[in-house]
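S.K.: Just one file: structure_18.pdb, with PDB, C-alpha atoms.
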ATOM      1  CA  MET O  15     115.406-113.107 110.620
ATOM      2  CA  ARG O  16     115.519-110.406 107.904
ATOM      3  CA  ALA O  17     118.751-108.812 109.116
ATOM      4  CA  THR O  18     122.461-109.277 108.512
ATOM      5  CA  LEU O  19     124.968-109.777 111.285
ATOM      6  CA  HIS O  20     126.663-106.524 110.289
ATOM      7  CA  GLN O  21     123.399-104.598 110.588
ATOM      8  CA  LEU O  22     122.799-106.050 114.053
ATOM      9  CA  LYS O  23     126.325-105.109 115.104
ATOM     10  CA  VAL O  24     125.751-101.523 113.928
ATOM     11  CA  PHE O  25     122.359-101.379 115.639
ATOM     12  CA  ARG O  26     123.795-102.645 118.933
ATOM     13  CA  GLN O  27     126.573-100.068 118.962
ATOM     14  CA  VAL O  28     124.113 -97.239 118.306
ATOM     15  CA  ALA O  29     121.863 -98.637 121.066
ATOM     16  CA  ILE O  30     124.854 -98.584 123.436
ATOM     17  CA  SER O  31     126.072 -95.106 122.475
ATOM     18  CA  MET O  32     122.647 -93.603 121.694
ATOM     19  CA  ASN O  33     124.549 -91.407 119.292
ATOM     20  CA  TYR O  34     125.211 -92.057 115.598
ATOM     21  CA  THR O  35     128.550 -90.221 115.534
ATOM     22  CA  LYS O  36     129.946 -91.998 118.596
ATOM     23  CA  ALA O  37     128.777 -95.361 117.261
ATOM     24  CA  ALA O  38     130.404 -94.659 113.905
ATOM     25  CA  ASP O  39     133.701 -93.850 115.653
ATOM     26  CA  GLU O  40     133.543 -97.077 117.675
ATOM     27  CA  LEU O  41     132.830 -99.140 114.539
ATOM     28  CA  GLY O  42     135.338 -97.378 112.317
ATOM     29  CA  LEU O  43     132.585 -96.310 109.917
ATOM     30  CA  SER O  44     131.293 -93.001 108.633
ATOM     31  CA  GLN O  45     128.093 -91.610 110.126
ATOM     32  CA  PRO O  46     126.254 -91.903 106.763
ATOM     33  CA  ALA O  47     127.259 -95.586 106.589
ATOM     34  CA  VAL O  48     125.788 -96.174 110.047
ATOM     35  CA  SER O  49     122.580 -94.360 109.102
ATOM     36  CA  ILE O  50     122.240 -96.406 105.904
ATOM     37  CA  GLN O  51     122.708 -99.718 107.750
ATOM     38  CA  LEU O  52     120.072 -98.804 110.342
ATOM     39  CA  LYS O  53     117.645 -97.612 107.674
ATOM     40  CA  GLN O  54     118.048-100.895 105.811
ATOM     41  CA  LEU O  55     117.545-102.853 109.019
ATOM     42  CA  GLU O  56     114.331-100.983 109.862
ATOM     43  CA  THR O  57     113.121-101.482 106.292
ATOM     44  CA  ASN O  58     113.881-105.217 106.391
ATOM     45  CA  LEU O  59     112.125-105.617 109.736
ATOM     46  CA  ASP O  60     109.324-103.219 108.766
ATOM     47  CA  ILE O  61     109.447-101.479 112.147
ATOM     48  CA  PHE O  62     111.075 -98.421 113.709
ATOM     49  CA  LEU O  63     113.896 -99.138 116.173
ATOM     50  CA  PHE O  64     114.769 -95.556 117.196
ATOM     51  CA  GLU O  65     112.868 -92.338 117.684
ATOM     52  CA  LYS O  66     114.243 -88.838 118.136
ATOM     53  CA  ILE O  67     112.563 -86.416 120.524
ATOM     54  CA  GLY O  68     114.165 -83.001 120.277
ATOM     55  CA  LYS O  69     117.857 -83.752 120.036
ATOM     56  CA  THR O  70     117.691 -86.933 122.097
ATOM     57  CA  LEU O  71     117.660 -90.443 120.613
ATOM     58  CA  PHE O  72     115.490 -93.146 122.219
ATOM     59  CA  LEU O  73     114.890 -96.839 121.567
ATOM     60  CA  THR O  74     111.358 -97.774 120.598
ATOM     61  CA  PRO O  75     109.781-100.794 122.348
ATOM     62  CA  ALA O  76     110.865-102.910 119.355
ATOM     63  CA  GLY O  77     114.348-101.434 119.605
ATOM     64  CA  LYS O  78     114.571-102.363 123.296
ATOM     65  CA  GLU O  79     113.601-105.955 122.498
ATOM     66  CA  LEU O  80     116.144-106.146 119.686
ATOM     67  CA  ARG O  81     118.848-104.688 121.978
ATOM     68  CA  VAL O  82     118.299-107.542 124.463
ATOM     69  CA  PHE O  83     118.458-110.071 121.622
ATOM     70  CA  CYS O  84     121.661-108.558 120.206
ATOM     71  CA  ASP O  85     123.361-108.406 123.599
ATOM     72  CA  GLN O  86     122.785-112.120 124.096
ATOM     73  CA  LEU O  87     123.689-112.911 120.499
ATOM     74  CA  PHE O  88     127.108-111.274 120.655
ATOM     75  CA  ILE O  89     127.789-112.672 124.137
ATOM     76  CA  ASN O  90     127.128-116.110 122.662
ATOM     77  CA  PHE O  91     129.538-115.385 119.817
ATOM     78  CA  ASP O  92     132.243-114.442 122.320
ATOM     79  CA  ASN O  93     131.507-117.510 124.426
ATOM     80  CA  ILE O  94     131.690-119.940 121.515
ATOM     81  CA  ASP O  95     135.093-118.514 120.609
ATOM     82  CA  MET O  96     136.242-119.092 124.188
ATOM     83  CA  THR O  97     134.725-122.587 124.289
ATOM     84  CA  LEU O  98     136.432-123.607 121.052
ATOM     85  CA  SER O  99     139.716-122.195 122.362
ATOM     86  CA  GLY O 100     139.246-124.250 125.507
ATOM     87  CA  LEU O 101     138.721-127.404 123.454
ATOM     88  CA  LYS O 102     142.079-126.732 121.815
ATOM     89  CA  GLY O 103     143.696-126.631 125.236
ATOM     90  CA  GLU O 104     143.876-122.863 125.610
ATOM     91  CA  LEU O 105     141.659-120.048 126.868
ATOM     92  CA  ALA O 106     141.488-116.772 124.952
ATOM     93  CA  GLY O 107     139.226-113.739 125.017
ATOM     94  CA  ASP O 108     138.173-110.868 127.281
ATOM     95  CA  LEU O 109     137.359-110.711 130.984
ATOM     96  CA  TYR O 110     135.489-107.631 132.207
ATOM     97  CA  LEU O 111     136.018-107.032 135.905
ATOM     98  CA  SER O 112     135.443-104.180 138.353
ATOM     99  CA  ALA O 113     136.620-103.925 141.947
ATOM    100  CA  VAL O 114     135.949-101.632 144.897
ATOM    101  CA  THR O 115     138.732 -99.253 145.869
ATOM    102  CA  SER O 116     139.682-101.247 148.996
ATOM    103  CA  ALA O 117     140.514-104.239 146.764
ATOM    104  CA  LYS O 118     142.725-102.267 144.376
ATOM    105  CA  TYR O 119     145.949-103.298 146.098
ATOM    106  CA  PHE O 120     145.663-107.031 145.426
ATOM    107  CA  THR O 121     143.378-107.263 142.371
ATOM    108  CA  PRO O 122     146.093-106.544 139.754
ATOM    109  CA  HIS O 123     148.311-109.219 141.328
ATOM    110  CA  LEU O 124     145.386-111.638 141.273
ATOM    111  CA  LEU O 125     144.922-110.971 137.564
ATOM    112  CA  GLY O 126     148.659-111.341 137.051
ATOM    113  CA  ALA O 127     148.644-114.811 138.593
ATOM    114  CA  PHE O 128     145.669-115.817 136.432
ATOM    115  CA  HIS O 129     147.358-114.384 133.335
ATOM    116  CA  LYS O 130     150.405-116.598 133.853
ATOM    117  CA  ARG O 131     148.107-119.591 133.510
ATOM    118  CA  TYR O 132     146.047-118.153 130.636
ATOM    119  CA  PRO O 133     148.296-115.700 128.746
ATOM    120  CA  LYS O 134     145.783-115.149 125.904
ATOM    121  CA  VAL O 135     143.138-113.626 128.182
ATOM    122  CA  ASN O 136     142.678-109.849 127.927
ATOM    123  CA  PHE O 137     141.617-108.014 131.097
ATOM    124  CA  HIS O 138     139.387-104.954 131.378
ATOM    125  CA  LEU O 139     139.523-103.709 134.988
ATOM    126  CA  ASP O 140     137.722-100.729 136.539
ATOM    127  CA  ILE O 141     138.393 -99.595 140.131
ATOM    128  CA  VAL O 142     135.361 -97.764 141.531
ATOM    129  CA  ASN O 143     133.611 -97.101 144.847
ATOM    130  CA  ARG O 144     130.847 -99.266 146.269
ATOM    131  CA  GLU O 145     127.975 -97.155 144.928
ATOM    132  CA  GLN O 146     129.451 -97.346 141.427
ATOM    133  CA  ILE O 147     129.947-101.114 141.770
ATOM    134  CA  ILE O 148     126.273-101.529 142.639
ATOM    135  CA  GLN O 149     125.275 -99.435 139.622
ATOM    136  CA  ARG O 150     127.514-101.558 137.407
ATOM    137  CA  LEU O 151     125.773-104.653 138.750
ATOM    138  CA  TYR O 152     122.384-103.140 137.910
ATOM    139  CA  ASP O 153     123.640-102.325 134.404
ATOM    140  CA  ASN O 154     125.259-105.777 134.005
ATOM    141  CA  LYS O 155     128.479-104.145 132.780
ATOM    142  CA  ASP O 156     130.957-106.743 134.036
ATOM    143  CA  ASP O 157     131.526-110.468 133.994
ATOM    144  CA  LEU O 158     132.464-110.335 137.686
ATOM    145  CA  VAL O 159     132.955-107.750 140.420
ATOM    146  CA  ILE O 160     135.097-107.809 143.552
ATOM    147  CA  MET O 161     133.470-106.180 146.568
ATOM    148  CA  GLY O 162     133.051-106.512 150.308
ATOM    149  CA  LEU O 163     129.522-105.929 151.569
ATOM    150  CA  VAL O 164     127.166-107.487 149.004
ATOM    151  CA  PRO O 165     123.750-105.788 148.575
ATOM    152  CA  GLU O 166     120.836-107.924 149.726
ATOM    153  CA  THR O 167     118.320-106.262 147.399
ATOM    154  CA  MET O 168     119.702-108.053 144.330
ATOM    155  CA  ALA O 169     119.799-111.771 143.457
ATOM    156  CA  LEU O 170     123.559-112.228 143.465
ATOM    157  CA  ALA O 171     125.952-115.152 143.678
ATOM    158  CA  LYS O 172     128.821-114.508 146.099
ATOM    159  CA  HIS O 173     132.164-116.340 146.241
ATOM    160  CA  SER O 174     134.134-115.141 149.286
ATOM    161  CA  PHE O 175     137.890-115.632 149.025
ATOM    162  CA  VAL O 176     139.842-113.140 151.239
ATOM    163  CA  ASP O 177     139.172-112.117 154.836
ATOM    164  CA  ASN O 178     138.725-108.396 155.457
ATOM    165  CA  PRO O 179     138.503-107.824 159.236
ATOM    166  CA  ILE O 180     137.066-104.440 160.238
ATOM    167  CA  ILE O 181     138.545-102.967 163.422
ATOM    168  CA  VAL O 182     138.234 -99.828 165.555
ATOM    169  CA  ILE O 183     141.428 -97.761 165.820
ATOM    170  CA  ALA O 184     142.641 -94.901 167.998
ATOM    171  CA  SER O 185     145.820 -92.982 168.738
ATOM    172  CA  PRO O 186     148.034 -94.443 171.502
ATOM    173  CA  GLN O 187     147.015 -91.542 173.764
ATOM    174  CA  HIS O 188     143.302 -92.288 173.544
ATOM    175  CA  PRO O 189     141.743 -93.472 176.858
ATOM    176  CA  LEU O 190     139.973 -96.412 175.202
ATOM    177  CA  THR O 191     143.316 -98.044 174.372
ATOM    178  CA  LYS O 192     143.836 -98.741 178.095
ATOM    179  CA  LYS O 193     140.576-100.719 178.439
ATOM    180  CA  LYS O 194     139.506-104.266 177.582
ATOM    181  CA  ASN O 195     136.188-105.766 176.439
ATOM    182  CA  ILE O 196     134.684-102.338 175.818
ATOM    183  CA  PRO O 197     130.915-102.339 175.142
ATOM    184  CA  LEU O 198     130.045-101.021 171.693
ATOM    185  CA  SER O 199     127.781 -98.437 173.336
ATOM    186  CA  GLU O 200     130.812 -96.719 174.875
ATOM    187  CA  LEU O 201     131.890 -95.522 171.411
ATOM    188  CA  ALA O 202     129.022 -93.014 171.576
ATOM    189  CA  GLU O 203     130.954 -91.074 174.235
ATOM    190  CA  HIS O 204     133.929 -90.314 171.958
ATOM    191  CA  ALA O 205     134.515 -88.246 168.819
ATOM    192  CA  PHE O 206     134.256 -90.404 165.726
ATOM    193  CA  ILE O 207     135.714 -90.062 162.214
ATOM    194  CA  HIS O 208     133.606 -91.547 159.402
ATOM    195  CA  ARG O 209     134.444 -92.686 155.895
ATOM    196  CA  GLU O 210     132.476 -91.125 153.027
ATOM    197  CA  GLN O 211     128.993 -92.353 152.120
ATOM    198  CA  GLY O 212     129.199 -95.347 149.804
ATOM    199  CA  SER O 213     132.162 -96.949 151.572
ATOM    200  CA  GLY O 214     131.692-100.666 152.234
ATOM    201  CA  THR O 215     133.577-100.365 155.531
ATOM    202  CA  ARG O 216     131.269 -97.581 156.687
ATOM    203  CA  LYS O 217     128.178 -99.521 155.577
ATOM    204  CA  ALA O 218     129.216-102.650 157.501
ATOM    205  CA  PHE O 219     129.954-100.622 160.620
ATOM    206  CA  GLU O 220     126.699 -98.656 160.398
ATOM    207  CA  GLN O 221     124.742-101.903 160.233
ATOM    208  CA  GLU O 222     126.467-103.059 163.420
ATOM    209  CA  ILE O 223     125.848 -99.891 165.432
ATOM    210  CA  LYS O 224     122.256 -99.639 164.183
ATOM    211  CA  ALA O 225     121.574-103.213 165.298
ATOM    212  CA  ASN O 226     122.913-102.265 168.740
ATOM    213  CA  HIS O 227     121.098 -98.883 168.898
ATOM    214  CA  VAL O 228     124.304 -96.865 169.212
ATOM    215  CA  GLN O 229     124.409 -93.174 168.219
ATOM    216  CA  LEU O 230     127.873 -91.878 167.352
ATOM    217  CA  LYS O 231     129.269 -88.367 167.785
ATOM    218  CA  VAL O 232     130.640 -87.915 164.257
ATOM    219  CA  ASN O 233     132.924 -84.886 164.149
ATOM    220  CA  MET O 234     134.560 -85.518 160.770
ATOM    221  CA  THR O 235     133.943 -87.335 157.466
ATOM    222  CA  LEU O 236     136.971 -88.165 155.313
ATOM    223  CA  GLY O 237     137.287 -89.649 151.854
ATOM    224  CA  ASN O 238     139.824 -92.442 152.216
ATOM    225  CA  SER O 239     141.561 -94.681 154.737
ATOM    226  CA  GLU O 240     144.951 -92.953 154.369
ATOM    227  CA  THR O 241     143.498 -89.599 155.464
ATOM    228  CA  ILE O 242     141.566 -91.275 158.265
ATOM    229  CA  LYS O 243     144.752 -92.886 159.589
ATOM    230  CA  GLN O 244     146.476 -89.495 159.783
ATOM    231  CA  ALA O 245     143.479 -87.912 161.528
ATOM    232  CA  VAL O 246     143.346 -90.709 164.101
ATOM    233  CA  MET O 247     147.101 -90.414 164.681
ATOM    234  CA  ALA O 248     146.501 -86.712 165.368
ATOM    235  CA  ASP O 249     143.995 -87.790 168.062
ATOM    236  CA  LEU O 250     141.053 -86.114 166.301
ATOM    237  CA  GLY O 251     138.852 -89.124 166.987
ATOM    238  CA  ILE O 252     138.481 -92.874 166.621
ATOM    239  CA  SER O 253     137.459 -94.679 163.438
ATOM    240  CA  VAL O 254     136.937 -98.053 161.763
ATOM    241  CA  VAL O 255     139.160 -99.409 159.003
ATOM    242  CA  SER O 256     140.192-102.669 157.426
ATOM    243  CA  ARG O 257     142.959-104.226 159.524
ATOM    244  CA  HIS O 258     144.893-104.740 156.282
ATOM    245  CA  SER O 259     145.164-100.961 155.842
ATOM    246  CA  VAL O 260     146.925-100.413 159.201
ATOM    247  CA  THR O 261     149.349-103.352 159.236
ATOM    248  CA  LEU O 262     152.490-101.269 159.773
ATOM    249  CA  GLU O 263     150.862 -98.650 162.003
ATOM    250  CA  LEU O 264     149.711-101.350 164.432
ATOM    251  CA  ALA O 265     153.103-103.065 164.349
ATOM    252  CA  THR O 266     154.971 -99.814 165.088
ATOM    253  CA  GLY O 267     152.470 -98.603 167.698
ATOM    254  CA  VAL O 268     151.499 -95.314 166.046
ATOM    255  CA  LEU O 269     147.917 -96.611 165.987
ATOM    256  CA  LYS O 270     146.166 -98.947 168.402
ATOM    257  CA  GLU O 271     143.366-101.443 167.822
ATOM    258  CA  ILE O 272     140.656-100.889 170.420
ATOM    259  CA  ASP O 273     139.292-103.984 172.147
ATOM    260  CA  ILE O 274     135.560-103.628 171.381
ATOM    261  CA  GLU O 275     133.099-106.430 172.151
ATOM    262  CA  GLY O 276     132.069-108.153 168.923
ATOM    263  CA  PHE O 277     135.079-106.857 166.982
ATOM    264  CA  PRO O 278     136.731-107.290 164.613
ATOM    265  CA  LEU O 279     133.786-107.535 162.270
ATOM    266  CA  GLN O 280     134.602-110.598 160.202
ATOM    267  CA  LYS O 281     133.987-109.483 156.631
ATOM    268  CA  SER O 282     135.494-110.629 153.356
ATOM    269  CA  TRP O 283     136.075-109.672 149.764
ATOM    270  CA  SER O 284     134.027-111.696 147.320
ATOM    271  CA  LEU O 285     133.662-112.371 143.626
ATOM    272  CA  VAL O 286     130.077-111.406 142.764
ATOM    273  CA  HIS O 287     127.783-111.828 139.781
ATOM    274  CA  HIS O 288     124.057-112.100 139.080
ATOM    275  CA  GLU O 289     122.636-115.499 140.040
ATOM    276  CA  THR O 290     121.105-115.935 136.590
ATOM    277  CA  LYS O 291     124.145-114.662 134.676
ATOM    278  CA  HIS O 292     125.605-117.058 132.111
ATOM    279  CA  LEU O 293     129.288-116.830 132.890
ATOM    280  CA  SER O 294     131.669-116.993 129.964
ATOM    281  CA  PRO O 295     134.256-119.810 129.984
ATOM    282  CA  ILE O 296     136.898-117.271 131.033
ATOM    283  CA  ALA O 297     134.756-115.935 133.901
ATOM    284  CA  LYS O 298     134.086-119.523 135.052
ATOM    285  CA  ALA O 299     137.800-120.296 134.889
ATOM    286  CA  PHE O 300     138.580-117.180 136.933
ATOM    287  CA  VAL O 301     136.081-118.133 139.656
ATOM    288  CA  GLU O 302     137.530-121.661 139.771
ATOM    289  CA  PHE O 303     141.054-120.231 139.932
ATOM    290  CA  VAL O 304     140.218-117.884 142.812
ATOM    291  CA  LEU O 305     138.455-120.612 144.810
ATOM    292  CA  SER O 306     140.996-123.364 144.103
ATOM    293  CA  PRO O 307     142.773-124.588 147.276
ATOM    294  CA  GLU O 308     145.841-125.376 145.161
ATOM    295  CA  GLU O 309     146.199-121.746 144.081
ATOM    296  CA  ASN O 310     145.972-120.464 147.691
ATOM    297  CA  VAL O 311     144.638-117.106 146.525
ATOM    298  CA  PRO O 312     144.011-115.806 150.097
ATOM    299  CA  ALA O 313     147.734-116.103 150.862
ATOM    300  CA  LEU O 314     148.602-114.376 147.574
ATOM    301  CA  CYS O 315     146.236-111.464 148.275
ATOM    302  CA  ASN O 316     147.305-111.068 151.893
ATOM    303  CA  ARG O 317     150.959-111.067 150.874
ATOM    304  CA  PHE O 318     150.446-108.200 148.452
ATOM    305  CA  LEU O 319     148.208-106.312 150.884
ATOM    306  CA  ALA O 320     150.907-106.453 153.546
ATOM    307  CA  HIS O 321     153.617-105.564 151.013
ATOM    308  CA  HIS O 322     151.695-102.525 149.773
ATOM    309  CA  PHE O 323     150.903-100.979 153.133
ATOM    310  CA  VAL O 324     154.363-101.592 154.588
ATOM    311  CA  LYS O 325     156.089-100.213 151.482
ATOM    312  CA  LYS O 326     153.715 -97.227 151.149
ATOM    313  CA  THR O 327     154.161 -96.075 154.709
TER     314      THR O 327
END
Let me see the structure of the file written as C-alpha cells.

M.R.:
Amino acid sequence: MRATLHQLKVFRQVAISMNYTKAADELGLSQPAVSIQLKQLETNLDIFLFEKIGKTLFLTPAGKELRVFCDQLFINFDNIDMTLSGLKGELAGDLYLSAVTSAKYFTPHLLGAFHKRYPKVNFHLDIVNREQIIQRLYDNKDDLVIMGLVPETMALAKHSFVDNPIIVIASPQHPLTKKKNIPLSELAEHAFIHREQGSGTRKAFEQEIKANHVQLKVNMTLGNSETIKQAVMADLGISVVSRHSVTLELATGVLKEIDIEGFPLQKSWSLVHHETKHLSPIAKAFVEFVLSPEENVPALCNRFLAHHFVKKT
C-alpha cells in the first residue's frame, strides 16, 4: 500500500474529528502538518479521501473505505500489544466500557476488582442512559457495555451476571398494600408515576403491561429513581423501580412492595457487545472475570448496591 503508518494515523484522526484543527490538537501536530500529510496520502493513493461542501468536511466513498480499514488496522495493533503482554504473563492496555445509569453504583467496584488482578489495564468508563447506550452500540464506540434490557433489533451477544428484579412500590397508606395476588389490570385504577423515556426499567415494565393490555393512568413522569421514591412516599402514586434501589426503604417500611401477579419482573444486568465483534484480549479477560464462579461477581455487585443505597439514605 502506498501509504505510511503515520499518514494513516493522521487520516484516521481527521476522519474521526472531521475537523483538521481538532485532529491536529489530538495528534499534537500543527494544522499545516496535518494538511500536508493528508495531501501526500491522497497523492500517493491517487484518489481524494475528503471533500468540503460549504464549511463542512465529508469523507468520499474511498475515504469511507479507508476509514474502515484504518479502524481495523489500529485495533489490530492494540490487540497484538495486549496479546504479547499476555504471553509475558501480564495484561496491559485500554478497556473502553459504558454502563447505564442504574449500573453506576457497582460498575466502578467491578472495575476495581478487575484492576487488582490486572493493574496495567487502563479503564475508560462512560455512564449514560439507555438511549445513549444503544447509540454507542450502533457507533461501535466501546469494547463492552453494561445494560439491562438488551435491544432485539441488533445482533448482540449478552452475558448476564447480576439480577435486577423490577417491583411495584407504593406508600404504606396506599390501599393496594393491604391486598395479595393483585391482578396486573388493577394497576390501571390507580395514579401511576413513570420514569423518563429511555429508562430500561420503564421499557421492561411497558412491555409487560402492553402484553397484558393494561392502560395506566400516568399522572407524573420523573427523571430518576430517587425522585420517584420521594413522590411515592408522598402518596402521589405508585411506580416501578429496581428492588436494589429501595433496599432501605423496604426494610424500614417507608415504602411497600405491592404483591402483583407476575412480579417481580426477573431482569438482569448484562455485559453486551456485537456478536461479530472481535474482542480484545483485555475485553475477553473482563468477560471471563465477570462470569467466573470463583470471582462471585454477583455477590460483589449486590454488596456494593446494598451499601450504596443504605449509606445514601

S.K.: Show me as a compact mmCIF listing (two decimals) with C-alpha atoms, in the frame of the given file the residues that reach within 10 Å of (111.5, -103.2, 119.0), counting all atoms listed in the file and using the file's own coordinates.

M.R.:
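Result file is result-v2.txt:
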# COMPACT_ATOMS: atom_id res chain seq x y z
CA GLU O 56 114.33 -100.98 109.86
CA LEU O 59 112.12 -105.62 109.74
CA ILE O 61 109.45 -101.48 112.15
CA PHE O 62 111.08 -98.42 113.71
CA LEU O 63 113.90 -99.14 116.17
CA PHE O 64 114.77 -95.56 117.20
CA LEU O 73 114.89 -96.84 121.57
CA THR O 74 111.36 -97.77 120.60
CA PRO O 75 109.78 -100.79 122.35
CA ALA O 76 110.86 -102.91 119.36
CA GLY O 77 114.35 -101.43 119.60
CA LYS O 78 114.57 -102.36 123.30
CA GLU O 79 113.60 -105.96 122.50
CA LEU O 80 116.14 -106.15 119.69
CA ARG O 81 118.85 -104.69 121.98
CA VAL O 82 118.30 -107.54 124.46

S.K.: Taking only C-alpha atoms into account, name the residue in O:Lys66, O:Lys270, O:Arg257, O:Lys193 that is nearest to Asn33 (chain O).

M.R.: O:Lys66

S.K.: Which residue gives the smallest distance to Val255 (chain O) among O:Ile274, O:Met234, O:Val228, O:Ile183, with all atoms listed in the file counted?

M.R.: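 Ranking O:Ile274, O:Met234, O:Val228, O:Ile183 by distance to Val255 (chain O), first place goes to O:Ile183.
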
S.K.: Please identify all polymer residues within 10 Å of Leu111 (chain O), counting all atoms listed in the file, omitting same-chain residues fewer than 5 positions from it, and present them as a list in words.

M.R.: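 Near neighbours after the sequence-gap exclusion: Thr121, Leu125, Phe137, His138, Leu139, Asp140, Ile141, Lys155, Asp156, Asp157, Leu158, Val159, Ile160, Leu285 and Ala297 of chain O.
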
S.K.: Using the chain letters and residue numbers of this document, give as a PyMOL selection string the residues selected by the PyMOL selection byres ((chain O and resi 232) around 10).

M.R.: chain O and resi 202+204-208+229-231+233-235+251-253

S.K.: For a quick check of understanding, using all atoms listed in the file, which of O:Leu236, O:Val254, O:Val268, O:Leu151 has the smallest distance to Ile181 (chain O)?

M.R.: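 Between O:Leu236, O:Val254, O:Val268, O:Leu151, the residue approaching Ile181 (chain O) most closely is O:Val254.
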
S.K.: Could you state the separation of CA of Ile180 (chain O) and CA of Gln280 (chain O) in Å, given to one decimal place?

M.R.: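 For CA of Ile180 (chain O) relative to CA of Gln280 (chain O), the distance reads 6.6 Å.
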
S.K.: Could you please fill out region 66-72 of chain O with all heavy atoms and send it back as a PDB file, keeping the file's coordinate frame?

M.R.:
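What landed in part.pdb:
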ATOM      1  N   LYS O  66     113.518 -90.010 117.664  1.00  0.00           N
ATOM      2  CA  LYS O  66     114.243 -88.838 118.136  1.00  0.00           C
ATOM      3  C   LYS O  66     113.242 -87.817 118.655  1.00  0.00           C
ATOM      4  O   LYS O  66     112.314 -87.415 117.952  1.00  0.00           O
ATOM      5  CB  LYS O  66     115.069 -88.245 116.996  1.00  0.00           C
ATOM      6  CG  LYS O  66     116.176 -87.319 117.469  1.00  0.00           C
ATOM      7  CD  LYS O  66     117.144 -86.999 116.346  1.00  0.00           C
ATOM      8  CE  LYS O  66     118.338 -86.208 116.856  1.00  0.00           C
ATOM      9  NZ  LYS O  66     119.301 -85.893 115.769  1.00  0.00           N
ATOM     10  N   ILE O  67     113.409 -87.429 119.910  1.00  0.00           N
ATOM     11  CA  ILE O  67     112.563 -86.416 120.524  1.00  0.00           C
ATOM     12  C   ILE O  67     113.457 -85.232 120.871  1.00  0.00           C
ATOM     13  O   ILE O  67     114.334 -85.335 121.723  1.00  0.00           O
ATOM     14  CB  ILE O  67     111.849 -86.957 121.776  1.00  0.00           C
ATOM     15  CG1 ILE O  67     110.979 -88.163 121.394  1.00  0.00           C
ATOM     16  CG2 ILE O  67     111.026 -85.871 122.437  1.00  0.00           C
ATOM     17  CD1 ILE O  67     110.316 -88.837 122.562  1.00  0.00           C
ATOM     18  N   GLY O  68     113.238 -84.119 120.167  1.00  0.00           N
ATOM     19  CA  GLY O  68     114.165 -83.001 120.277  1.00  0.00           C
ATOM     20  C   GLY O  68     115.494 -83.417 119.685  1.00  0.00           C
ATOM     21  O   GLY O  68     115.568 -83.866 118.546  1.00  0.00           O
ATOM     22  N   LYS O  69     116.541 -83.325 120.495  1.00  0.00           N
ATOM     23  CA  LYS O  69     117.857 -83.752 120.036  1.00  0.00           C
ATOM     24  C   LYS O  69     118.284 -85.085 120.658  1.00  0.00           C
ATOM     25  O   LYS O  69     119.428 -85.514 120.479  1.00  0.00           O
ATOM     26  CB  LYS O  69     118.896 -82.672 120.373  1.00  0.00           C
ATOM     27  CG  LYS O  69     118.697 -81.365 119.617  1.00  0.00           C
ATOM     28  CD  LYS O  69     119.815 -80.388 119.951  1.00  0.00           C
ATOM     29  CE  LYS O  69     119.643 -79.086 119.163  1.00  0.00           C
ATOM     30  NZ  LYS O  69     120.741 -78.116 119.445  1.00  0.00           N
ATOM     31  N   THR O  70     117.353 -85.711 121.365  1.00  0.00           N
ATOM     32  CA  THR O  70     117.691 -86.933 122.097  1.00  0.00           C
ATOM     33  C   THR O  70     117.159 -88.166 121.378  1.00  0.00           C
ATOM     34  O   THR O  70     116.012 -88.193 120.936  1.00  0.00           O
ATOM     35  CB  THR O  70     117.117 -86.895 123.525  1.00  0.00           C
ATOM     36  OG1 THR O  70     117.569 -85.699 124.166  1.00  0.00           O
ATOM     37  CG2 THR O  70     117.574 -88.093 124.331  1.00  0.00           C
ATOM     38  N   LEU O  71     118.015 -89.191 121.276  1.00  0.00           N
ATOM     39  CA  LEU O  71     117.660 -90.443 120.613  1.00  0.00           C
ATOM     40  C   LEU O  71     117.158 -91.444 121.645  1.00  0.00           C
ATOM     41  O   LEU O  71     117.739 -91.591 122.723  1.00  0.00           O
ATOM     42  CB  LEU O  71     118.893 -91.001 119.896  1.00  0.00           C
ATOM     43  CG  LEU O  71     118.679 -92.080 118.831  1.00  0.00           C
ATOM     44  CD1 LEU O  71     117.867 -91.534 117.658  1.00  0.00           C
ATOM     45  CD2 LEU O  71     120.028 -92.604 118.353  1.00  0.00           C
ATOM     46  N   PHE O  72     116.063 -92.144 121.335  1.00  0.00           N
ATOM     47  CA  PHE O  72     115.490 -93.146 122.219  1.00  0.00           C
ATOM     48  C   PHE O  72     115.256 -94.436 121.444  1.00  0.00           C
ATOM     49  O   PHE O  72     115.005 -94.407 120.229  1.00  0.00           O
ATOM     50  CB  PHE O  72     114.152 -92.670 122.796  1.00  0.00           C
ATOM     51  CG  PHE O  72     114.254 -91.473 123.694  1.00  0.00           C
ATOM     52  CD1 PHE O  72     114.112 -90.189 123.181  1.00  0.00           C
ATOM     53  CD2 PHE O  72     114.485 -91.629 125.059  1.00  0.00           C
ATOM     54  CE1 PHE O  72     114.199 -89.086 123.995  1.00  0.00           C
ATOM     55  CE2 PHE O  72     114.567 -90.519 125.889  1.00  0.00           C
ATOM     56  CZ  PHE O  72     114.425 -89.239 125.362  1.00  0.00           C
TER      57      PHE O  72
END
